[in-house]
Every structure is written in C-alpha cells, then in structure tokens.
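Asks: Next comes run_7.txt, compact mmCIF, C-alpha atoms and all ligand atoms:
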```
# COMPACT_ATOMS: atom_id res chain seq x y z
CA MET A 4 -21.67 -5.23 19.61
CA LEU A 5 -18.20 -3.85 20.14
CA ASN A 6 -17.71 -0.46 21.64
CA TYR A 7 -15.66 1.76 19.31
CA SER A 8 -15.21 4.81 21.50
CA PHE A 9 -11.74 6.32 21.25
CA LYS A 10 -10.84 4.92 24.65
CA ASN A 11 -11.95 1.44 23.70
CA LEU A 12 -10.11 1.59 20.37
CA VAL A 13 -6.90 2.24 22.26
CA HIS A 14 -7.70 -0.65 24.58
CA LEU A 15 -8.47 -3.00 21.65
CA LEU A 16 -5.25 -2.08 19.86
CA GLU A 17 -3.33 -3.16 22.94
CA SER A 18 -5.39 -6.31 23.48
CA LYS A 19 -3.78 -9.73 23.66
CA ASN A 20 -4.81 -13.41 23.77
CA GLU A 21 -8.55 -14.13 23.86
CA GLU A 22 -9.77 -10.61 23.25
CA HIS A 23 -7.33 -10.23 20.39
CA LEU A 24 -8.43 -13.47 18.73
CA ASN A 25 -12.05 -12.53 19.15
CA LEU A 26 -11.42 -9.21 17.41
CA ARG A 27 -9.77 -10.94 14.45
CA LYS A 28 -12.60 -13.46 14.22
CA LYS A 29 -15.22 -10.71 14.15
CA ALA A 30 -13.27 -8.84 11.46
CA ASN A 31 -13.00 -11.99 9.34
CA GLN A 32 -16.73 -12.65 9.71
CA LEU A 33 -17.54 -9.14 8.47
CA THR A 34 -15.05 -9.47 5.59
CA GLU A 35 -16.73 -12.70 4.46
CA LYS A 36 -20.17 -11.15 4.81
CA ILE A 37 -19.14 -8.38 2.41
CA PHE A 38 -16.78 -10.17 -0.03
CA GLY A 39 -17.55 -13.86 0.50
CA LYS A 40 -14.31 -15.84 0.35
CA LYS A 41 -13.00 -13.77 -2.57
CA VAL A 42 -9.56 -12.21 -2.47
CA PHE A 43 -8.66 -9.62 -5.11
CA LEU A 44 -5.24 -9.65 -6.70
CA ARG A 45 -3.06 -6.61 -7.48
CA GLY A 46 0.27 -6.71 -9.26
CA ILE A 47 2.75 -3.99 -8.43
CA ILE A 48 5.40 -2.76 -10.85
CA GLU A 49 8.15 -0.75 -9.15
CA PHE A 50 9.41 0.94 -12.30
CA SER A 51 11.94 3.35 -10.76
CA ASN A 52 13.76 3.95 -7.47
CA ILE A 53 14.71 7.53 -8.31
CA CYS A 54 13.35 9.85 -5.63
CA ARG A 55 13.65 13.55 -4.79
CA LYS A 56 12.59 13.08 -1.18
CA ASP A 57 14.28 12.05 2.01
CA CYS A 58 11.60 10.39 4.14
CA LEU A 59 13.55 9.21 7.19
CA TYR A 60 12.30 5.61 7.12
CA CYS A 61 12.72 4.80 3.44
CA GLY A 62 15.55 2.73 1.97
CA ILE A 63 15.44 4.51 -1.41
CA ARG A 64 15.48 8.07 0.03
CA LYS A 65 17.61 10.47 -1.94
CA SER A 66 20.41 10.58 0.65
CA ASN A 67 21.09 6.88 0.19
CA LYS A 68 24.15 7.07 -2.03
CA ASN A 69 24.80 3.32 -1.85
CA LEU A 70 22.14 2.52 -4.35
CA VAL A 71 22.21 2.14 -8.11
CA ARG A 72 19.29 4.19 -9.40
CA TYR A 73 17.24 2.62 -12.19
CA PHE A 74 14.15 3.17 -14.26
CA ILE A 75 12.36 0.82 -16.61
CA LYS A 76 11.77 2.30 -20.06
CA LYS A 77 8.19 3.02 -21.04
CA GLU A 78 8.12 0.46 -23.85
CA ASP A 79 9.32 -2.19 -21.40
CA ILE A 80 6.70 -1.14 -18.85
CA LYS A 81 4.02 -1.60 -21.52
CA GLU A 82 5.36 -5.09 -22.19
CA ILE A 83 5.29 -5.94 -18.46
CA ILE A 84 1.69 -4.74 -18.26
CA LYS A 85 0.76 -6.87 -21.27
CA ASN A 86 2.35 -9.91 -19.61
CA SER A 87 0.57 -9.22 -16.34
CA TYR A 88 -2.76 -9.13 -18.17
CA GLN A 89 -2.00 -12.48 -19.78
CA ASP A 90 -1.06 -13.85 -16.36
CA GLY A 91 -4.55 -13.04 -15.09
CA PHE A 92 -4.01 -9.68 -13.37
CA ARG A 93 -6.95 -7.28 -13.61
CA THR A 94 -5.35 -4.51 -11.55
CA ILE A 95 -1.86 -3.19 -11.98
CA VAL A 96 -0.19 -0.73 -9.61
CA LEU A 97 2.54 1.53 -10.99
CA GLN A 98 4.83 2.64 -8.18
CA SER A 99 8.11 4.57 -7.97
CA GLY A 100 10.05 7.11 -5.96
CA GLU A 101 8.77 10.65 -6.31
CA VAL A 102 10.04 12.40 -9.46
CA GLU A 103 8.44 14.39 -12.23
CA ILE A 104 10.61 13.23 -15.11
CA PHE A 105 8.32 10.34 -16.03
CA ASP A 106 5.02 12.21 -15.84
CA ARG A 107 4.42 12.31 -19.63
CA ASP A 108 5.49 8.67 -20.00
CA ILE A 109 2.98 7.71 -17.32
CA THR A 110 0.21 9.38 -19.29
CA GLU A 111 1.20 7.41 -22.37
CA ILE A 112 1.37 4.12 -20.43
CA ILE A 113 -2.09 4.74 -18.94
CA GLU A 114 -3.54 5.46 -22.41
CA PHE A 115 -1.90 2.35 -23.83
CA THR A 116 -3.27 0.16 -21.04
CA ARG A 117 -6.76 1.64 -21.19
CA LYS A 118 -6.89 1.09 -24.98
CA ASN A 119 -5.64 -2.50 -24.98
CA PHE A 120 -6.61 -4.24 -21.76
CA ASP A 121 -9.65 -4.40 -19.55
CA MET A 122 -7.81 -3.79 -16.31
CA ALA A 123 -7.79 -1.24 -13.50
CA ILE A 124 -4.82 1.12 -13.33
CA THR A 125 -3.63 2.22 -9.91
CA LEU A 126 -0.90 4.82 -9.45
CA SER A 127 1.37 5.21 -6.44
CA LEU A 128 3.66 8.05 -7.46
CA GLY A 129 3.54 10.42 -4.51
CA GLU A 130 2.50 14.05 -4.30
CA ARG A 131 1.82 15.98 -7.49
CA LYS A 132 0.08 19.15 -8.58
CA ARG A 133 -3.66 18.83 -9.08
CA LYS A 134 -3.33 19.29 -12.83
CA VAL A 135 -1.02 16.26 -13.11
CA TYR A 136 -3.48 14.08 -11.20
CA GLU A 137 -6.14 15.44 -13.53
CA GLU A 138 -4.15 14.60 -16.67
CA TRP A 139 -3.63 11.00 -15.49
CA LYS A 140 -7.32 10.64 -14.61
CA LYS A 141 -8.31 11.87 -18.06
CA ALA A 142 -5.88 9.42 -19.62
CA GLY A 143 -7.78 6.63 -17.87
CA ALA A 144 -6.22 5.96 -14.45
CA ASP A 145 -8.71 4.51 -11.97
CA ARG A 146 -7.10 4.56 -8.54
CA TYR A 147 -4.35 6.31 -6.57
CA LEU A 148 -2.50 5.27 -3.44
CA LEU A 149 -0.93 7.95 -1.27
CA ARG A 150 -0.31 7.11 2.34
CA ILE A 151 -0.66 9.79 4.97
CA GLU A 152 1.93 7.66 6.89
CA THR A 153 0.77 9.00 10.27
CA THR A 154 -1.93 11.46 11.28
CA ASN A 155 0.20 12.73 14.17
CA ARG A 156 1.34 16.04 12.67
CA GLU A 157 4.43 16.32 14.89
CA LEU A 158 5.58 12.84 13.99
CA PHE A 159 4.79 13.46 10.31
CA LYS A 160 7.02 16.54 10.40
CA ARG A 161 9.89 14.68 12.05
CA LEU A 162 9.78 11.90 9.45
CA HIS A 163 9.36 14.04 6.35
CA PRO A 164 11.95 16.79 5.93
CA ASP A 165 10.51 17.74 2.52
CA ASP A 166 6.80 17.36 3.20
CA ASP A 167 3.92 19.19 4.73
CA PHE A 168 1.01 17.35 6.35
CA ASP A 169 -1.61 19.74 4.99
CA ASN A 170 -0.26 19.39 1.49
CA ARG A 171 -0.40 15.60 1.73
CA LEU A 172 -4.00 15.81 2.92
CA ARG A 173 -4.83 18.31 0.17
CA SER A 174 -3.40 15.91 -2.41
CA LEU A 175 -5.65 13.15 -1.08
CA LEU A 176 -8.69 15.41 -1.28
CA TYR A 177 -7.82 16.41 -4.88
CA LEU A 178 -7.64 12.74 -5.80
CA LYS A 179 -11.05 12.09 -4.31
CA GLU A 180 -12.50 15.15 -6.01
CA LEU A 181 -11.14 14.04 -9.39
CA GLY A 182 -12.96 10.73 -9.07
CA TYR A 183 -10.07 8.40 -8.31
CA GLU A 184 -10.74 5.48 -6.00
CA THR A 185 -8.42 6.84 -3.37
CA GLY A 186 -6.25 4.85 -1.02
CA THR A 187 -4.23 5.96 1.94
CA GLY A 188 -2.64 4.31 4.94
CA VAL A 189 -0.11 4.49 7.72
CA MET A 190 2.88 2.62 9.01
CA ILE A 191 2.36 0.82 12.30
CA GLY A 192 5.11 0.98 14.91
CA LEU A 193 6.86 4.16 13.80
CA PRO A 194 9.39 5.41 16.35
CA GLY A 195 7.53 7.63 18.80
CA GLN A 196 4.06 6.59 17.64
CA THR A 197 1.54 5.78 20.39
CA TYR A 198 -1.60 3.61 20.58
CA GLU A 199 -3.57 6.85 20.75
CA ASP A 200 -2.02 7.95 17.45
CA LEU A 201 -3.06 4.68 15.83
CA ALA A 202 -6.61 4.99 17.14
CA LYS A 203 -6.76 8.49 15.64
CA ASP A 204 -5.46 7.11 12.32
CA ILE A 205 -8.40 4.70 12.18
CA LEU A 206 -10.90 7.46 12.92
CA PHE A 207 -9.25 9.64 10.26
CA PHE A 208 -9.81 6.91 7.63
CA LYS A 209 -13.44 6.59 8.67
CA ILE A 210 -14.13 10.33 8.62
CA TYR A 211 -12.65 10.89 5.14
CA ASP A 212 -14.15 7.67 3.78
CA PHE A 213 -11.15 6.51 1.73
CA ASP A 214 -11.72 3.55 -0.60
CA MET A 215 -8.51 1.62 0.03
CA LEU A 216 -6.45 1.33 3.19
CA GLY A 217 -2.91 0.09 2.75
CA VAL A 218 -1.23 -0.27 6.10
CA GLY A 219 1.79 -2.18 7.23
CA PRO A 220 4.47 -2.42 9.90
CA PHE A 221 7.33 0.05 9.94
CA LEU A 222 10.47 -1.98 9.17
CA PRO A 223 13.90 -0.45 9.68
CA SER A 224 16.22 -0.07 6.70
CA PHE A 225 19.97 -0.09 7.34
CA GLU A 226 20.48 2.73 4.85
CA THR A 227 18.41 5.22 6.87
CA PRO A 228 18.66 7.26 10.09
CA LEU A 229 16.04 4.91 11.61
CA LYS A 230 18.15 1.79 11.09
CA ASN A 231 18.43 1.02 14.81
CA GLU A 232 14.75 1.42 15.60
CA LYS A 233 12.57 -1.53 16.63
CA LYS A 234 10.05 -3.39 14.48
CA PRO A 235 6.52 -3.55 15.90
CA ASP A 236 4.86 -6.64 17.29
CA PHE A 237 2.90 -8.41 14.53
CA GLU A 238 -0.05 -8.84 16.88
CA LEU A 239 -0.45 -5.06 16.91
CA VAL A 240 -0.56 -5.04 13.10
CA LEU A 241 -3.35 -7.65 13.18
CA ASN A 242 -5.32 -5.75 15.81
CA PHE A 243 -5.04 -2.63 13.67
CA LEU A 244 -6.21 -4.49 10.54
CA ALA A 245 -9.15 -6.04 12.34
CA LEU A 246 -10.27 -2.65 13.66
CA LEU A 247 -9.87 -1.10 10.21
CA ARG A 248 -12.28 -3.65 8.79
CA LEU A 249 -14.76 -3.42 11.63
CA ILE A 250 -14.86 0.36 11.52
CA THR A 251 -14.60 1.12 7.79
CA GLY A 252 -16.76 -1.76 6.48
CA ASN A 253 -16.48 -2.15 2.71
CA THR A 254 -13.00 -0.68 2.09
CA ASN A 255 -10.36 -2.63 0.14
CA ILE A 256 -7.60 -3.67 2.56
CA PRO A 257 -4.51 -5.48 1.26
CA ALA A 258 -2.32 -8.08 2.88
CA THR A 259 1.07 -6.57 2.07
CA THR A 260 4.64 -7.65 1.47
CA SER A 261 5.74 -5.85 4.64
CA MET A 262 3.42 -8.10 6.68
CA ALA A 263 4.97 -11.21 5.16
CA THR A 264 8.41 -9.78 5.87
CA LEU A 265 7.62 -9.32 9.57
CA ASP A 266 5.91 -12.70 10.00
CA LYS A 267 6.33 -15.71 7.72
CA LYS A 268 2.60 -16.35 7.74
CA GLY A 269 1.81 -12.64 7.78
CA ARG A 270 -0.30 -12.56 4.66
CA GLU A 271 -2.42 -15.59 5.64
CA LYS A 272 -2.99 -14.12 9.09
CA ALA A 273 -3.89 -10.75 7.56
CA LEU A 274 -6.41 -12.41 5.21
CA ASN A 275 -8.03 -13.91 8.29
CA SER A 276 -8.10 -10.63 10.19
CA GLY A 277 -9.87 -8.26 7.81
CA ALA A 278 -7.75 -8.03 4.64
CA ASN A 279 -9.49 -8.88 1.33
CA VAL A 280 -6.78 -8.01 -1.22
CA ILE A 281 -3.36 -9.44 -1.92
CA MET A 282 -0.55 -7.37 -3.45
CA LEU A 283 1.97 -9.25 -5.50
CA ASN A 284 5.30 -7.93 -6.68
CA TYR A 285 5.37 -7.97 -10.49
CA THR A 286 8.65 -6.06 -10.85
CA PRO A 287 11.14 -7.95 -13.03
CA ALA A 288 13.57 -9.84 -10.77
CA GLN A 289 16.66 -7.93 -11.93
CA TYR A 290 15.41 -4.67 -10.36
CA ARG A 291 14.02 -5.92 -7.07
CA HIS A 292 17.17 -5.67 -4.99
CA MET A 293 17.33 -1.96 -5.91
CA TYR A 294 13.83 -1.26 -4.61
CA GLN A 295 14.35 -2.13 -0.97
CA LEU A 296 12.21 0.28 1.01
CA TYR A 297 13.17 -1.77 4.09
CA ASP A 298 15.50 -4.67 4.88
CA GLU A 299 14.83 -8.29 3.90
CA LYS A 300 11.83 -7.45 1.71
CA ILE A 301 10.32 -10.89 1.25
CA CYS A 302 9.67 -10.80 -2.48
CA LEU A 303 13.42 -10.68 -3.06
CA ARG A 304 13.36 -14.35 -2.24
CA GLU A 305 10.31 -15.14 -4.34
CA ASP A 306 10.94 -16.29 -7.88
CA GLU A 307 9.29 -13.99 -10.38
CA LYS A 308 7.86 -16.90 -12.36
CA ASN A 309 6.41 -18.59 -9.30
CA THR A 310 4.91 -15.61 -7.56
CA PHE A 311 1.44 -16.26 -8.93
CA LYS A 312 1.43 -19.88 -7.75
CA LEU A 313 2.93 -18.92 -4.41
CA THR A 314 0.23 -16.33 -3.94
CA GLU A 315 -2.53 -18.75 -4.83
CA ASN A 316 -1.14 -21.04 -2.14
CA VAL A 317 -1.09 -18.26 0.44
CA VAL A 318 -4.73 -17.46 -0.33
CA ARG A 319 -5.75 -21.13 -0.22
CA ARG A 320 -3.99 -21.63 3.10
CA ALA A 321 -6.06 -18.75 4.45
CA GLY A 322 -9.18 -20.65 3.36
CA LYS A 323 -10.01 -18.11 0.64
CA ILE A 324 -10.22 -17.97 -3.16
CA LEU A 325 -8.06 -15.82 -5.43
CA VAL A 326 -10.19 -14.21 -8.16
CA ASP A 327 -9.31 -12.44 -11.41
CA GLU A 328 -11.62 -9.46 -10.96
CA LYS A 329 -10.76 -5.77 -10.98
CA GLY A 330 -12.02 -5.52 -7.43
CA ASP A 331 -13.46 -2.00 -7.27
CA ARG A 332 -14.79 -0.94 -3.88
CA VAL A 333 -18.03 -2.85 -3.42
CA LYS A 334 -21.19 -0.86 -2.81
CA LEU A 335 -23.13 -1.82 0.29
N1 LIG B 1 7.14 7.36 -3.43
C1 LIG B 1 5.80 6.96 -3.28
C2 LIG B 1 5.60 5.46 -3.41
C3 LIG B 1 6.71 4.58 -2.93
S1 LIG B 1 6.91 4.43 -1.21
C4 LIG B 1 5.25 7.44 -1.95
O1 LIG B 1 6.03 7.75 -1.05
O2 LIG B 1 4.02 7.50 -1.84
C5 LIG B 1 5.50 3.43 -0.79
C6 LIG B 1 5.27 3.23 0.68
O3 LIG B 1 6.30 2.43 1.22
C7 LIG B 1 5.28 4.47 1.52
O4 LIG B 1 4.04 5.10 1.48
C8 LIG B 1 5.65 3.93 2.90
O5 LIG B 1 4.49 3.82 3.73
C9 LIG B 1 6.22 2.54 2.61
N2 LIG B 1 7.56 2.42 3.23
C10 LIG B 1 8.67 3.12 2.93
N3 LIG B 1 9.69 2.80 3.78
C11 LIG B 1 9.20 1.87 4.64
C12 LIG B 1 9.72 1.16 5.75
N4 LIG B 1 10.97 1.36 6.16
N5 LIG B 1 8.92 0.28 6.39
C13 LIG B 1 7.66 0.06 5.98
N6 LIG B 1 7.10 0.70 4.94
C14 LIG B 1 7.84 1.61 4.27
FE1 LIG B 2 10.66 8.67 -1.86
FE2 LIG B 2 8.28 7.48 -1.32
FE3 LIG B 2 10.57 6.65 -0.16
FE4 LIG B 2 9.56 9.00 0.56
S1 LIG B 2 8.59 6.97 0.85
S2 LIG B 2 11.72 8.59 0.11
S3 LIG B 2 8.72 9.72 -1.39
S4 LIG B 2 10.05 6.56 -2.30
```
Could you express the structure from this file as structure tokens?
Replies:
Amino acid sequence: MLNYSFKNLVHLLESKNEEHLNLRKKANQLTEKIFGKKVFLRGIIEFSNICRKDCLYCGIRKSNKNLVRYFIKKEDIKEIIKNSYQDGFRTIVLQSGEVEIFDRDITEIIEFTRKNFDMAITLSLGERKRKVYEEWKKAGADRYLLRIETTNRELFKRLHPDDDFDNRLRSLLYLKELGYETGTGVMIGLPGQTYEDLAKDILFFKIYDFDMLGVGPFLPSFETPLKNEKKPDFELVLNFLALLRLITGNTNIPATTSMATLDKKGREKALNSGANVIMLNYTPAQYRHMYQLYDEKICLREDEKNTFKLTENVVRRAGKILVDEKGDRVKL
C-alpha cells in the first residue's frame, strides 16, 4: 500500500527511475481493474478562437493581434457533429475562447444534437453566469470542462489578469450542482509552480470529487508573455497522472494532445500510466492553425481524415482497445 500523505505525494511527484516506473505500473493496474482495457474516445470541435480574456499562457489570448479570428457557423457545427456521430464518436466536446456571442447558438446546437444523436455533449466554454450553465443543461448538455489551472491562488492571480480564483471555483460548484458531469484540471510545469503546489492540486481534485480530470504540461506559446519559459519534464507529467488515478479512483482521465506534443509517444505512455480516455481533434483542418493554444500543437500535423485510424493505432500500441461508448463516469 502506498503512503499518500502530503509529504509522500511531493516525494512521489519528484520520483525517478524504479520508483517512478512502479508508480505508473500500479496506476495502470488500477485503471485496468476499473475499466478493463477499454479506452473512451472524445472528439473535440474548436469552433472559435475569439476570446475576451488574456490568460498569460494562452496562444489565442485577446492581446495576440497576429491571429485571424474565426468562428464556425452553427449550421456547419451541426454538420460536423453529424459527421462525428457517423464516424463512431459517442462524445463530442465543443470548445472555444471565452465569449458570450454564441451562447444562444450553443443552446440550439445542444438541442439539435440531443434530438438527433445518441451521444454525450461536453462543453468547454469557460466561465459563465449560473443561469447560462442552467440553460445549456436544460437543453441537454451532459458534461462541462473548466480547468482551475492551478490551485495556488497567488500563481492563479499572476496568470489570469481577468479572473478571480473564487469565481472559477464557484463556477465549478454551480456546474456540479446543476448535475453536469464536471471536469477540471491543471497545467503541469507552470512558471513558478512547485511540487507542493501540484500535490495540493491532487488533493483538491479528491476533496471536491470531480468526475473528469484533464491535465497536461504547460507548453510555451511564442505569442505570449511566457514564450521564453521552460517546458516541464514529461516524467513529471506521468507521475502526476499516475497519482491522479491512484488517489481519485474512478475518474475519467484523458491522454491529451499536449502530452503528445511534449513527447512523441506521450499518449501511449499516458494510457499506461492512469489515463483511460483519448481526446481527438475533430476541428476541420482549415481552422486548426488558428487554434494554437501553444506552439507545435501535434494535431496540426495529423490529417483530419486519418485521425481516427491514427488514434486507434495509438490505443493499440498501448495494449488497449478503443470503444465507441459514451463513457460516463463509472460507478464503483
Ligand atoms: N476558453 C476555455 C477553453 C479553451 S482553453 C477555457 O479557458 O476554459 C482550454 C485549455 O487549454 C485551458 O484550460 C488551458 O489549461 C489549456 N491551455 C491554454 N494555453 C496552454 C498552454 N500554453 N499550454 C498548455 N495548455 C494550455
Ligand atoms: Fe481565452 Fe481560454 Fe485561452 Fe484563457 S485559456 S485566453 S479563456 S481561450
């Protein structure tokens, strides 16, 4: 039995070699005990890069003037969702920068999807008033992703000139209250972040019992004030993932694009260290270069038509099986 005291969490995050591999192995064993070899698939549609905020790390922040801003029209989004369903997706994630101009369109898209396809709808549209979250839930949305980014309040403040930590947390609690499957997460390796901060992040996830935990390395973007900062060591990302699984049990944890960007085999390694979900970019190819949250985002090099096959290969290489299920949080 591992010891998960705060002190030991910090130690395990820093661990290398044997201890590190052992941690990953234990996390994989628990993942397979809960989910078998199944990996759930999510398709993400990045329908707009328009954003009112200026998060210091993000390549589509509003101060980036070297970016053509786009949005995909609602009828086109409906068509993309229809195609994704035919391609075997049973969860679609709608993501964009934070703006209110599309709120009504989102409601309509949710209603359309709910009426026509048996698939889960996840939203990742930032902070909103409670009544907007409520309207989307009533329309039929199932899940919401809103990362806390870091639980270190000082660091949060430094990185988010337009945001307030308590408001972000309140938004997450509203989402839970309204019955969304709620996901949050942090970036690993943020400038100024310590191992202690990361250990506290893990305990925060456990205490609030979130359903989904989307974490990934911080990756510098050349269009931001953090462009000269360092990327984290991928081993740290894997340690963090493994501890997430071991401590939070049955949560849904994705292998993300940012992991594959940091390490060529990042997604396979993540699927063997506690992740049980794979997120695939389903944004039409013509828009992808305009949705660069960080540099060298891997999916820019992946052909839109081949992404499904490529993903199946990634999952197979990890010794797992890609399934076409909605993949709600499993009950233990
Ligand atoms: N606007 C929405 C959704 C889009 S951003 C929101 O902020 O919630 C989605 C996620 O991308 C953010 O939560 C952040 O964790 C991640 N992200 C942004 N810039 C990044 C970077 N430079 N490196 C790694 N992840 C980044
Ligand atoms: Fe906008 Fe989200 Fe990027 Fe912040 S992280 S600048 S809210 S897109």
Asks: Of the candidates A:Cys54, A:Met122, A:Leu247, A:Leu70, which shows the shortest atom-to-atom distance to ligand LIG 1 (chain B), using all atoms listed in the file?
Replies: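 For ligand LIG 1 (chain B), the nearest of the given residues is A:Cys54.
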Asks: Using all atoms listed in the file, which residue out of A:Asn170, A:Ser224, A:Thr154, A:Asn69 lies closest to Glu199 (chain A)?
Replies: A:Thr154
Asks: May I ask which of the residues A:Val102, A:Val96, A:Ile75, A:Ile205 is the closest one to Gln289 (chain A), counting only C-alpha atoms?
Replies: A:Ile75
Asks: Distance atom O2 of ligand LIG 1 (chain B)-CA of Phe221 (chain A), one decimal place?
Replies: 14.3 Å
Asks: Just give me the residues with any atom within 7 Å of (-14.1, -14.5, -5.6), file coordinates, counting all atoms listed in the file, written as a PyMOL selection string.
Replies: chain A and resi 40-42+324-326
Asks: Can I get the selection written as a PDB file, keeping the file's coordinate frame, with C-alpha atoms?
Replies:
```
ATOM      1  CA  LYS A  40     -14.310 -15.840   0.350  1.00  0.00           C
ATOM      2  CA  LYS A  41     -13.000 -13.770  -2.570  1.00  0.00           C
ATOM      3  CA  VAL A  42      -9.560 -12.210  -2.470  1.00  0.00           C
ATOM      4  CA  ILE A 324     -10.220 -17.970  -3.160  1.00  0.00           C
ATOM      5  CA  LEU A 325      -8.060 -15.820  -5.430  1.00  0.00           C
ATOM      6  CA  VAL A 326     -10.190 -14.210  -8.160  1.00  0.00           C
TER       7      VAL A 326
END
```
Asks: Please provide as a PDB file with C-alpha atoms, keeping the file's coordinate frame all residues within 8 Å of region 283-286 of chain A, with the sequence filter that same-chain residues fewer than 4 positions apart are discarded (counting all atoms listed in the file).
Replies:
```
ATOM      1  CA  LEU A  44      -5.240  -9.650  -6.700  1.00  0.00           C
ATOM      2  CA  ARG A  45      -3.060  -6.610  -7.480  1.00  0.00           C
ATOM      3  CA  GLY A  46       0.270  -6.710  -9.260  1.00  0.00           C
ATOM      4  CA  ILE A  47       2.750  -3.990  -8.430  1.00  0.00           C
ATOM      5  CA  ILE A  48       5.400  -2.760 -10.850  1.00  0.00           C
ATOM      6  CA  GLU A  49       8.150  -0.750  -9.150  1.00  0.00           C
ATOM      7  CA  PHE A  50       9.410   0.940 -12.300  1.00  0.00           C
ATOM      8  CA  SER A  87       0.570  -9.220 -16.340  1.00  0.00           C
ATOM      9  CA  THR A 260       4.640  -7.650   1.470  1.00  0.00           C
ATOM     10  CA  TYR A 290      15.410  -4.670 -10.360  1.00  0.00           C
ATOM     11  CA  ARG A 291      14.020  -5.920  -7.070  1.00  0.00           C
ATOM     12  CA  CYS A 302       9.670 -10.800  -2.480  1.00  0.00           C
ATOM     13  CA  GLU A 307       9.290 -13.990 -10.380  1.00  0.00           C
ATOM     14  CA  THR A 310       4.910 -15.610  -7.560  1.00  0.00           C
ATOM     15  CA  PHE A 311       1.440 -16.260  -8.930  1.00  0.00           C
ATOM     16  CA  THR A 314       0.230 -16.330  -3.940  1.00  0.00           C
TER      17      THR A 314
END
```
Asks: In terms of the shortest atom-to-atom distance over only C-alpha atoms and all ligand atoms, which of A:Glu232, A:Glu271, A:Glu130, A:Glu328 is closest to ligand LIG 1 (chain B)?
Replies: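 The answer is A:Glu130, which sits nearest to ligand LIG 1 (chain B).
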Asks: Set the cut-off to 6 Å, count only C-alpha atoms and all ligand atoms, and list whatever residues fall near ligand LIG 2 (chain B) as a list in words.
Replies: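 With only C-alpha atoms and all ligand atoms and a cut-off of 6 Å, ligand LIG 2 (chain B) is contacted by Cys54, Lys56, Asp57, Cys58, Cys61, Ile63, Arg64, Gly100 and Glu101 of chain A.
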Asks: Can you pull out every residue within 7 Å of Ala202 (chain A), counting all atoms listed in the file, but drop anything in the same chain fewer than 4 positions away, and send it as number ranges by chain?
Replies: A: 9, 12-13, 198, 206
Asks: Between A:Lys85, A:Arg270, A:Lys76, A:Arg55, which has the minimum distance to ligand LIG 1 (chain B) (counting only C-alpha atoms and all ligand atoms)?
Replies: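 Checking each candidate against ligand LIG 1 (chain B), we get A:Arg55 as the closest.
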Asks: Could you check the closest approach to Asn11 (chain A) for each of A:Gly143, A:Lys203, A:Ser261, A:Lys132 and tell me which residue wins, using all atoms listed in the file?
Replies: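 Result for the nearest residue to Asn11 (chain A): A:Lys203.
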Asks: Give as an NGL selection string the residues surrounding ligand LIG 1 (chain B) up to a distance of 6 Å, considering only C-alpha atoms and all ligand atoms.
Replies: :A and (60-61 or 98-101 or 127-129 or 149-150 or 152 or 190 or 220-224 or 296-297)
Asks: List the residues sitting within 8 Å of (-3.6, 5.6, 8.1) in the file's frame, using all atoms listed in the file, as a list in words.
Replies: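 Residues found, by chain and rising number: Arg150, Ile151, Glu152, Thr153, Thr154, Thr187, Gly188, Val189, Met190, Leu201, Asp204, Ile205, Phe207, Phe208, Leu216, Gly217 and Val218 of chain A.
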Asks: Selected residues, C-alpha atoms, written as a PDB file, in the coordinates of the input, please.
Replies:
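selection-v3.pdb, written as the output of this step:
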```pdb
ATOM      1  CA  ARG A 150      -0.310   7.110   2.340  1.00  0.00           C
ATOM      2  CA  ILE A 151      -0.660   9.790   4.970  1.00  0.00           C
ATOM      3  CA  GLU A 152       1.930   7.660   6.890  1.00  0.00           C
ATOM      4  CA  THR A 153       0.770   9.000  10.270  1.00  0.00           C
ATOM      5  CA  THR A 154      -1.930  11.460  11.280  1.00  0.00           C
ATOM      6  CA  THR A 187      -4.230   5.960   1.940  1.00  0.00           C
ATOM      7  CA  GLY A 188      -2.640   4.310   4.940  1.00  0.00           C
ATOM      8  CA  VAL A 189      -0.110   4.490   7.720  1.00  0.00           C
ATOM      9  CA  MET A 190       2.880   2.620   9.010  1.00  0.00           C
ATOM     10  CA  LEU A 201      -3.060   4.680  15.830  1.00  0.00           C
ATOM     11  CA  ASP A 204      -5.460   7.110  12.320  1.00  0.00           C
ATOM     12  CA  ILE A 205      -8.400   4.700  12.180  1.00  0.00           C
ATOM     13  CA  PHE A 207      -9.250   9.640  10.260  1.00  0.00           C
ATOM     14  CA  PHE A 208      -9.810   6.910   7.630  1.00  0.00           C
ATOM     15  CA  LEU A 216      -6.450   1.330   3.190  1.00  0.00           C
ATOM     16  CA  GLY A 217      -2.910   0.090   2.750  1.00  0.00           C
ATOM     17  CA  VAL A 218      -1.230  -0.270   6.100  1.00  0.00           C
TER      18      VAL A 218
END
```
Asks: Skip region 20-22 of chain A itself and residues of its chain fewer than 6 positions away, then list as a PyMOL selection string all residues within 12 Å of it, counting only C-alpha atoms.
Replies: chain A and resi 5+14+28-29+238-239+242+245
Asks: Could you tell me how far CA of Glu226 (chain A) lies from CA of Leu162 (chain A), in Å and to one decimal?
Replies: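 So the answer is 14.8 Å.
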Asks: Between CA of Lys81 (chain A) and CA of Ile113 (chain A), what is the spacing in Å?
Replies: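 Separation of CA of Ile113 (chain A) and CA of Lys81 (chain A): 9.2 Å.
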